[in-house]
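Engineer: To start, I am sharing the structure in question, which I have written as structure tokens.
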Amino acid sequence: MAGLTTHILDTHSGVPAAGVAVTLRRITDGKAETLATTVTNADGRTDAPLLTPEATQPGLYELDFAIGPYFRGRGVALPEPAFLETVTIRFGIADTSRHWHVPLNCSPYGYTTYRGS
């Protein structure tokens, strides 16, 4: 299955991060075009792929994860401004025949990502 998916794990609480706003943009010639906006479900995933196989093109992309509002909504005391309000991951897709999965592990003060499967 080709295309693009994501999921978010809240490493602060040890649970999937439900209700996080996610925005996908394609970067072309330094300009960003929004391709999708969604919110994660109870499993910390989007209900549908961010990009279908047919819509996936080689190029540079960005994913924005609104984790500041997520942690505030869970009652986590954050400073103002929060250390991490929005996590942006910029990544490239070269081979559109493969599936691309970009997960985010996050806490109010740090995050990691990797190329998943």
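So you can find residues: chains in the structure tokens are A, B, ... in the order shown, residues in each start at 1, and ligands are numbered from 1 in order.
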Excluding Gly30 (chain A) and its own-chain neighbours fewer than 5 positions away, which residues fall within 12 Å of it when counting only C-alpha atoms? Please give them as a ChimeraX atom specification.
Structural biologist: /A:25,59-62
Engineer: Based on the selection just made, write all heavy atoms of those residues as an mmCIF file, in the first residue's frame.
Structural biologist:
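Okay, out.cif is ready:
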data_model
loop_
_atom_site.group_PDB
_atom_site.id
_atom_site.type_symbol
_atom_site.label_atom_id
_atom_site.label_comp_id
_atom_site.auth_asym_id
_atom_site.auth_seq_id
_atom_site.Cartn_x
_atom_site.Cartn_y
_atom_site.Cartn_z
ATOM 1 N N ARG A 25 1.361 19.767 4.192
ATOM 2 C CA ARG A 25 1.637 20.703 3.110
ATOM 3 C C ARG A 25 2.704 20.131 2.183
ATOM 4 O O ARG A 25 3.594 19.421 2.621
ATOM 5 C CB ARG A 25 2.131 22.038 3.669
ATOM 6 C CG ARG A 25 1.051 22.859 4.325
ATOM 7 C CD ARG A 25 1.550 24.229 4.727
ATOM 8 N NE ARG A 25 2.580 24.174 5.739
ATOM 9 C CZ ARG A 25 2.331 24.001 7.040
ATOM 10 N NH1 ARG A 25 1.099 23.866 7.474
ATOM 11 N NH2 ARG A 25 3.308 23.952 7.907
ATOM 12 N N GLY A 59 8.625 14.643 -3.798
ATOM 13 C CA GLY A 59 8.804 16.033 -3.419
ATOM 14 C C GLY A 59 8.996 16.217 -1.935
ATOM 15 O O GLY A 59 9.142 15.258 -1.174
ATOM 16 N N LEU A 60 8.976 17.469 -1.538
ATOM 17 C CA LEU A 60 9.186 17.879 -0.161
ATOM 18 C C LEU A 60 7.838 18.185 0.481
ATOM 19 O O LEU A 60 7.003 18.865 -0.110
ATOM 20 C CB LEU A 60 10.069 19.130 -0.145
ATOM 21 C CG LEU A 60 10.689 19.563 1.159
ATOM 22 C CD1 LEU A 60 11.571 18.478 1.747
ATOM 23 C CD2 LEU A 60 11.495 20.832 0.933
ATOM 24 N N TYR A 61 7.650 17.685 1.712
ATOM 25 C CA TYR A 61 6.392 17.839 2.438
ATOM 26 C C TYR A 61 6.661 18.309 3.855
ATOM 27 O O TYR A 61 7.760 18.139 4.372
ATOM 28 C CB TYR A 61 5.642 16.498 2.498
ATOM 29 C CG TYR A 61 5.157 16.009 1.165
ATOM 30 C CD1 TYR A 61 5.994 15.298 0.316
ATOM 31 C CD2 TYR A 61 3.861 16.262 0.740
ATOM 32 C CE1 TYR A 61 5.545 14.845 -0.920
ATOM 33 C CE2 TYR A 61 3.398 15.811 -0.488
ATOM 34 C CZ TYR A 61 4.258 15.107 -1.308
ATOM 35 O OH TYR A 61 3.813 14.670 -2.524
ATOM 36 N N GLU A 62 5.627 18.865 4.486
ATOM 37 C CA GLU A 62 5.665 19.220 5.903
ATOM 38 C C GLU A 62 4.406 18.707 6.584
ATOM 39 O O GLU A 62 3.308 18.815 6.035
ATOM 40 C CB GLU A 62 5.703 20.736 6.098
ATOM 41 C CG GLU A 62 7.027 21.359 5.864
ATOM 42 C CD GLU A 62 7.016 22.854 6.156
ATOM 43 O OE1 GLU A 62 5.941 23.460 6.348
ATOM 44 O OE2 GLU A 62 8.118 23.424 6.165
#
Engineer: Can you pull out every residue within 10 Å of region 96-110 of chain A, counting only C-alpha atoms, but drop anything in the same chain fewer than 5 positions away, and send it as a compact mmCIF listing (two decimals) with all heavy atoms, in the first residue's frame?
Structural biologist:
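Okay, this is what ended up in out_3.txt:
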# COMPACT_ATOMS: atom_id res chain seq x y z
N MET A 1 0.84 -1.18 0.00
CA MET A 1 0.00 0.00 0.00
C MET A 1 0.88 1.24 0.00
O MET A 1 1.65 1.46 0.92
CB MET A 1 -0.90 -0.01 1.24
CG MET A 1 -1.71 1.24 1.40
SD MET A 1 -2.76 1.22 2.84
CE MET A 1 -1.75 2.13 4.00
N ALA A 2 0.79 2.04 -1.03
CA ALA A 2 1.53 3.30 -1.10
C ALA A 2 0.70 4.39 -0.43
O ALA A 2 -0.39 4.14 0.07
CB ALA A 2 1.83 3.64 -2.55
N GLY A 3 1.22 5.61 -0.42
CA GLY A 3 0.52 6.72 0.21
C GLY A 3 1.25 7.19 1.44
O GLY A 3 2.40 6.81 1.70
N LEU A 4 0.59 8.05 2.23
CA LEU A 4 1.20 8.65 3.43
C LEU A 4 0.24 8.56 4.60
O LEU A 4 -0.94 8.92 4.49
CB LEU A 4 1.53 10.12 3.16
CG LEU A 4 2.01 10.94 4.35
CD1 LEU A 4 3.37 10.46 4.86
CD2 LEU A 4 2.06 12.42 3.99
N THR A 5 0.75 8.09 5.73
CA THR A 5 -0.01 8.03 6.98
C THR A 5 0.85 8.55 8.12
O THR A 5 2.06 8.73 7.98
CB THR A 5 -0.46 6.58 7.30
OG1 THR A 5 0.71 5.74 7.34
CG2 THR A 5 -1.43 6.05 6.26
N THR A 6 0.20 8.77 9.27
CA THR A 6 0.90 9.21 10.47
C THR A 6 0.18 8.69 11.69
O THR A 6 -0.97 8.24 11.60
CB THR A 6 1.00 10.75 10.53
OG1 THR A 6 1.89 11.12 11.59
CG2 THR A 6 -0.35 11.41 10.75
N HIS A 7 0.84 8.73 12.80
CA HIS A 7 0.19 8.54 14.10
C HIS A 7 1.02 9.25 15.15
O HIS A 7 2.19 9.56 14.94
CB HIS A 7 -0.04 7.06 14.44
CG HIS A 7 1.17 6.33 14.92
ND1 HIS A 7 2.07 5.72 14.08
CD2 HIS A 7 1.63 6.11 16.18
CE1 HIS A 7 3.02 5.15 14.79
NE2 HIS A 7 2.79 5.37 16.06
N ILE A 8 0.38 9.54 16.30
CA ILE A 8 1.04 10.30 17.36
C ILE A 8 0.89 9.54 18.67
O ILE A 8 -0.22 9.14 19.04
CB ILE A 8 0.42 11.70 17.52
CG1 ILE A 8 0.37 12.42 16.17
CG2 ILE A 8 1.21 12.52 18.53
CD1 ILE A 8 -0.46 13.69 16.20
N LEU A 9 2.01 9.38 19.37
CA LEU A 9 2.01 8.80 20.70
C LEU A 9 2.41 9.86 21.71
O LEU A 9 3.41 10.56 21.53
CB LEU A 9 2.97 7.61 20.77
CG LEU A 9 2.61 6.43 19.89
CD1 LEU A 9 3.69 5.37 19.95
CD2 LEU A 9 1.26 5.85 20.26
N ASP A 10 1.64 9.98 22.76
CA ASP A 10 1.90 10.91 23.85
C ASP A 10 2.81 10.18 24.84
O ASP A 10 2.37 9.34 25.61
CB ASP A 10 0.55 11.28 24.50
CG ASP A 10 0.68 12.08 25.78
OD1 ASP A 10 1.79 12.21 26.33
OD2 ASP A 10 -0.37 12.56 26.25
N THR A 11 4.11 10.48 24.80
CA THR A 11 5.06 9.81 25.68
C THR A 11 5.02 10.37 27.10
O THR A 11 5.58 9.77 28.01
CB THR A 11 6.50 9.89 25.12
OG1 THR A 11 6.86 11.25 24.95
CG2 THR A 11 6.59 9.16 23.79
N HIS A 12 4.35 11.50 27.29
CA HIS A 12 4.17 12.07 28.63
C HIS A 12 3.21 11.21 29.44
O HIS A 12 3.43 10.94 30.62
CB HIS A 12 3.65 13.50 28.49
CG HIS A 12 3.39 14.18 29.79
ND1 HIS A 12 2.13 14.29 30.32
CD2 HIS A 12 4.22 14.80 30.66
CE1 HIS A 12 2.19 14.95 31.46
NE2 HIS A 12 3.45 15.27 31.69
N SER A 13 2.13 10.75 28.80
CA SER A 13 1.10 9.96 29.48
C SER A 13 1.10 8.49 29.08
O SER A 13 0.39 7.69 29.68
CB SER A 13 -0.29 10.54 29.18
OG SER A 13 -0.36 11.87 29.63
N GLY A 14 1.86 8.15 28.04
CA GLY A 14 1.91 6.77 27.59
C GLY A 14 0.66 6.30 26.87
O GLY A 14 0.26 5.14 27.01
N PRO A 16 -1.99 6.88 23.08
CA PRO A 16 -2.11 7.52 21.76
C PRO A 16 -2.64 8.94 21.95
O PRO A 16 -3.45 9.20 22.85
CB PRO A 16 -3.15 6.65 21.04
CG PRO A 16 -3.15 5.35 21.77
CD PRO A 16 -2.81 5.67 23.19
N ALA A 17 -2.18 9.85 21.12
CA ALA A 17 -2.58 11.26 21.23
C ALA A 17 -3.82 11.51 20.36
O ALA A 17 -3.72 11.71 19.15
CB ALA A 17 -1.43 12.17 20.82
N GLY A 44 -4.81 7.74 18.00
CA GLY A 44 -3.71 8.64 17.65
C GLY A 44 -3.40 8.65 16.16
O GLY A 44 -2.37 9.16 15.74
N ARG A 45 -4.29 8.10 15.35
CA ARG A 45 -4.11 8.02 13.91
C ARG A 45 -5.17 8.87 13.20
O ARG A 45 -6.17 9.23 13.80
CB ARG A 45 -4.23 6.57 13.43
CG ARG A 45 -3.18 5.68 14.06
CD ARG A 45 -3.38 4.21 13.68
NE ARG A 45 -2.40 3.38 14.38
CZ ARG A 45 -1.17 3.14 13.95
NH1 ARG A 45 -0.76 3.66 12.82
NH2 ARG A 45 -0.35 2.38 14.66
N PRO A 49 -5.83 7.94 5.10
CA PRO A 49 -4.46 8.34 4.76
C PRO A 49 -4.39 9.84 4.45
O PRO A 49 -5.35 10.41 3.93
CB PRO A 49 -4.14 7.51 3.51
CG PRO A 49 -5.08 6.36 3.55
CD PRO A 49 -6.33 6.88 4.22
N LEU A 50 -3.28 10.44 4.77
CA LEU A 50 -3.08 11.85 4.43
C LEU A 50 -2.91 12.04 2.93
O LEU A 50 -3.31 13.06 2.39
CB LEU A 50 -1.87 12.41 5.18
CG LEU A 50 -2.03 12.46 6.69
CD1 LEU A 50 -0.69 12.72 7.36
CD2 LEU A 50 -3.05 13.50 7.08
N LEU A 51 -2.29 11.06 2.29
CA LEU A 51 -2.18 11.03 0.83
C LEU A 51 -2.54 9.63 0.36
O LEU A 51 -2.03 8.65 0.89
CB LEU A 51 -0.75 11.34 0.37
CG LEU A 51 -0.25 12.77 0.45
CD1 LEU A 51 1.23 12.84 0.05
CD2 LEU A 51 -1.08 13.69 -0.43
N THR A 52 -3.40 9.56 -0.62
CA THR A 52 -3.69 8.28 -1.26
C THR A 52 -2.53 7.93 -2.18
O THR A 52 -1.73 8.80 -2.55
CB THR A 52 -4.99 8.36 -2.08
OG1 THR A 52 -4.79 9.31 -3.13
CG2 THR A 52 -6.18 8.75 -1.20
N PRO A 53 -2.44 6.67 -2.59
CA PRO A 53 -1.37 6.33 -3.54
C PRO A 53 -1.41 7.19 -4.80
O PRO A 53 -0.37 7.62 -5.30
CB PRO A 53 -1.65 4.86 -3.86
CG PRO A 53 -2.34 4.34 -2.64
CD PRO A 53 -3.18 5.49 -2.15
N GLU A 54 -2.61 7.48 -5.30
CA GLU A 54 -2.75 8.26 -6.52
C GLU A 54 -2.31 9.72 -6.34
O GLU A 54 -1.86 10.35 -7.29
CB GLU A 54 -4.21 8.24 -7.01
CG GLU A 54 -4.76 6.86 -7.30
CD GLU A 54 -5.16 6.09 -6.05
OE1 GLU A 54 -5.55 6.71 -5.03
OE2 GLU A 54 -5.06 4.85 -6.08
N ALA A 55 -2.46 10.25 -5.16
CA ALA A 55 -2.12 11.65 -4.90
C ALA A 55 -0.66 11.85 -4.47
O ALA A 55 -0.20 12.99 -4.37
CB ALA A 55 -3.04 12.22 -3.82
N THR A 56 0.04 10.77 -4.22
CA THR A 56 1.43 10.87 -3.74
C THR A 56 2.36 11.18 -4.90
O THR A 56 2.38 10.47 -5.90
CB THR A 56 1.85 9.56 -3.04
OG1 THR A 56 0.91 9.27 -2.02
CG2 THR A 56 3.24 9.70 -2.44
N GLN A 57 3.11 12.27 -4.74
CA GLN A 57 4.08 12.70 -5.76
C GLN A 57 5.44 12.83 -5.09
O GLN A 57 5.53 13.15 -3.90
CB GLN A 57 3.68 14.04 -6.34
CG GLN A 57 2.34 14.06 -7.02
CD GLN A 57 1.98 15.48 -7.46
OE1 GLN A 57 2.82 16.37 -7.49
NE2 GLN A 57 0.73 15.67 -7.81
N PRO A 58 6.52 12.64 -5.84
CA PRO A 58 7.84 12.91 -5.27
C PRO A 58 7.93 14.38 -4.89
O PRO A 58 7.35 15.24 -5.55
CB PRO A 58 8.81 12.59 -6.41
CG PRO A 58 8.03 11.80 -7.39
CD PRO A 58 6.59 12.20 -7.23
N GLY A 59 8.63 14.64 -3.80
CA GLY A 59 8.80 16.03 -3.42
C GLY A 59 9.00 16.22 -1.93
O GLY A 59 9.14 15.26 -1.17
N LEU A 63 4.59 18.19 7.77
CA LEU A 63 3.49 17.84 8.65
C LEU A 63 3.57 18.73 9.88
O LEU A 63 4.63 18.83 10.50
CB LEU A 63 3.58 16.38 9.10
CG LEU A 63 2.99 15.33 8.18
CD1 LEU A 63 3.35 13.94 8.68
CD2 LEU A 63 1.49 15.49 8.10
N PHE A 65 1.95 19.31 13.64
CA PHE A 65 1.19 18.67 14.71
C PHE A 65 0.97 19.70 15.81
O PHE A 65 1.94 20.21 16.39
CB PHE A 65 1.97 17.48 15.29
CG PHE A 65 2.29 16.41 14.28
CD1 PHE A 65 3.48 16.43 13.59
CD2 PHE A 65 1.41 15.38 14.06
CE1 PHE A 65 3.79 15.42 12.68
CE2 PHE A 65 1.70 14.36 13.16
CZ PHE A 65 2.89 14.39 12.46
N ILE A 67 0.58 20.23 19.09
CA ILE A 67 0.65 19.50 20.36
C ILE A 67 0.44 20.38 21.58
O ILE A 67 0.04 19.89 22.63
CB ILE A 67 1.95 18.68 20.49
CG1 ILE A 67 3.18 19.57 20.52
CG2 ILE A 67 2.05 17.65 19.37
CD1 ILE A 67 4.41 18.83 20.98
N GLY A 68 0.67 21.69 21.46
CA GLY A 68 0.40 22.58 22.59
C GLY A 68 -1.06 22.52 23.01
O GLY A 68 -1.37 22.25 24.18
N TYR A 70 -3.17 20.20 22.39
CA TYR A 70 -3.44 18.83 22.85
C TYR A 70 -3.08 18.67 24.33
O TYR A 70 -3.90 18.20 25.13
CB TYR A 70 -2.68 17.81 21.99
CG TYR A 70 -2.61 16.46 22.65
CD1 TYR A 70 -3.70 15.60 22.62
CD2 TYR A 70 -1.47 16.05 23.33
CE1 TYR A 70 -3.66 14.36 23.25
CE2 TYR A 70 -1.41 14.82 23.95
CZ TYR A 70 -2.50 13.98 23.91
OH TYR A 70 -2.44 12.76 24.55
N PHE A 71 -1.87 19.08 24.71
CA PHE A 71 -1.46 18.91 26.10
C PHE A 71 -2.27 19.79 27.05
O PHE A 71 -2.62 19.37 28.15
CB PHE A 71 0.05 19.13 26.26
CG PHE A 71 0.86 17.95 25.78
CD1 PHE A 71 1.68 18.05 24.67
CD2 PHE A 71 0.78 16.73 26.43
CE1 PHE A 71 2.41 16.97 24.22
CE2 PHE A 71 1.51 15.63 25.99
CZ PHE A 71 2.33 15.75 24.88
N ARG A 72 -2.57 21.01 26.64
CA ARG A 72 -3.44 21.85 27.47
C ARG A 72 -4.80 21.19 27.69
O ARG A 72 -5.33 21.21 28.79
CB ARG A 72 -3.62 23.22 26.82
CG ARG A 72 -2.46 24.14 26.99
CD ARG A 72 -2.77 25.54 26.45
NE ARG A 72 -1.53 26.21 26.18
CZ ARG A 72 -0.89 26.20 25.01
NH1 ARG A 72 -1.39 25.57 23.96
NH2 ARG A 72 0.25 26.82 24.87
N VAL A 76 -2.36 19.38 31.16
CA VAL A 76 -0.93 19.51 31.45
C VAL A 76 -0.61 21.00 31.58
O VAL A 76 -0.93 21.80 30.70
CB VAL A 76 -0.08 18.87 30.34
CG1 VAL A 76 1.41 19.08 30.60
CG2 VAL A 76 -0.40 17.38 30.20
N ALA A 77 0.01 21.38 32.69
CA ALA A 77 0.40 22.78 32.91
C ALA A 77 1.60 23.10 32.02
O ALA A 77 2.67 22.51 32.15
CB ALA A 77 0.74 23.01 34.37
N LEU A 78 1.40 24.03 31.09
CA LEU A 78 2.46 24.45 30.19
C LEU A 78 2.79 25.91 30.44
O LEU A 78 1.89 26.69 30.76
CB LEU A 78 2.02 24.30 28.73
CG LEU A 78 1.65 22.91 28.23
CD1 LEU A 78 1.19 22.98 26.78
CD2 LEU A 78 2.81 21.96 28.37
N PRO A 79 4.05 26.29 30.28
CA PRO A 79 4.36 27.72 30.38
C PRO A 79 3.79 28.45 29.17
O PRO A 79 3.44 27.83 28.16
CB PRO A 79 5.90 27.73 30.35
CG PRO A 79 6.28 26.49 29.62
CD PRO A 79 5.22 25.47 29.94
N ALA A 82 4.32 27.97 25.33
CA ALA A 82 4.77 26.59 25.53
C ALA A 82 6.10 26.38 24.81
O ALA A 82 6.38 27.03 23.79
CB ALA A 82 3.73 25.62 24.98
N PHE A 83 6.90 25.49 25.35
CA PHE A 83 8.17 25.15 24.69
C PHE A 83 7.91 24.61 23.29
O PHE A 83 8.55 25.01 22.33
CB PHE A 83 8.95 24.14 25.53
CG PHE A 83 10.26 23.75 24.92
CD1 PHE A 83 11.30 24.68 24.83
CD2 PHE A 83 10.46 22.48 24.42
CE1 PHE A 83 12.51 24.33 24.25
CE2 PHE A 83 11.67 22.12 23.83
CZ PHE A 83 12.69 23.05 23.75
N LEU A 84 6.96 23.68 23.17
CA LEU A 84 6.56 23.14 21.87
C LEU A 84 5.07 23.40 21.66
O LEU A 84 4.24 22.80 22.33
CB LEU A 84 6.83 21.64 21.78
CG LEU A 84 8.28 21.20 21.82
CD1 LEU A 84 8.37 19.68 21.89
CD2 LEU A 84 9.04 21.73 20.61
N GLU A 85 4.76 24.30 20.79
CA GLU A 85 3.36 24.60 20.47
C GLU A 85 2.93 23.76 19.26
O GLU A 85 1.92 23.10 19.27
CB GLU A 85 3.19 26.09 20.17
CG GLU A 85 1.76 26.53 20.04
CD GLU A 85 0.97 26.42 21.33
OE1 GLU A 85 1.53 26.57 22.43
OE2 GLU A 85 -0.24 26.19 21.23
N VAL A 87 4.74 21.09 16.35
CA VAL A 87 5.90 20.35 15.85
C VAL A 87 5.74 20.24 14.34
O VAL A 87 4.72 19.76 13.85
CB VAL A 87 5.99 18.95 16.49
CG1 VAL A 87 7.06 18.12 15.80
CG2 VAL A 87 6.26 19.06 17.97
N ILE A 89 7.46 18.70 10.92
CA ILE A 89 8.41 17.74 10.38
C ILE A 89 8.44 17.93 8.87
O ILE A 89 7.42 17.80 8.21
CB ILE A 89 8.01 16.29 10.73
CG1 ILE A 89 7.97 16.11 12.25
CG2 ILE A 89 8.98 15.30 10.08
CD1 ILE A 89 7.37 14.81 12.69
N PHE A 91 9.96 16.55 5.40
CA PHE A 91 10.53 15.29 4.91
C PHE A 91 10.31 15.20 3.40
O PHE A 91 9.48 15.89 2.83
CB PHE A 91 9.87 14.09 5.61
CG PHE A 91 8.38 14.01 5.40
CD1 PHE A 91 7.85 13.18 4.43
CD2 PHE A 91 7.51 14.79 6.15
CE1 PHE A 91 6.48 13.12 4.22
CE2 PHE A 91 6.14 14.73 5.96
CZ PHE A 91 5.63 13.90 4.98
N ARG A 115 11.05 7.17 10.00
CA ARG A 115 10.30 6.64 8.84
C ARG A 115 9.75 5.29 9.25
O ARG A 115 10.48 4.33 9.43
CB ARG A 115 11.21 6.49 7.63
CG ARG A 115 10.53 5.66 6.56
CD ARG A 115 10.47 6.34 5.23
NE ARG A 115 9.50 5.66 4.38
CZ ARG A 115 9.80 4.64 3.59
NH1 ARG A 115 11.02 4.19 3.52
NH2 ARG A 115 8.86 4.08 2.86
N GLY A 116 8.47 5.24 9.44
CA GLY A 116 7.81 4.00 9.85
C GLY A 116 7.41 3.16 8.66
O GLY A 116 7.75 3.45 7.52
N SER A 117 6.66 2.12 8.95
CA SER A 117 6.22 1.22 7.87
C SER A 117 4.71 1.07 7.90
O SER A 117 4.05 1.47 8.84
CB SER A 117 6.88 -0.13 8.02
OG SER A 117 6.58 -0.70 9.28
Engineer: Could you go through chain A and tell me which residues DSSP, when run on the backbone, assigns to alpha helix (DSSP H), listing them as an MDAnalysis selection string?
Structural biologist: chainID A and resid 67:73
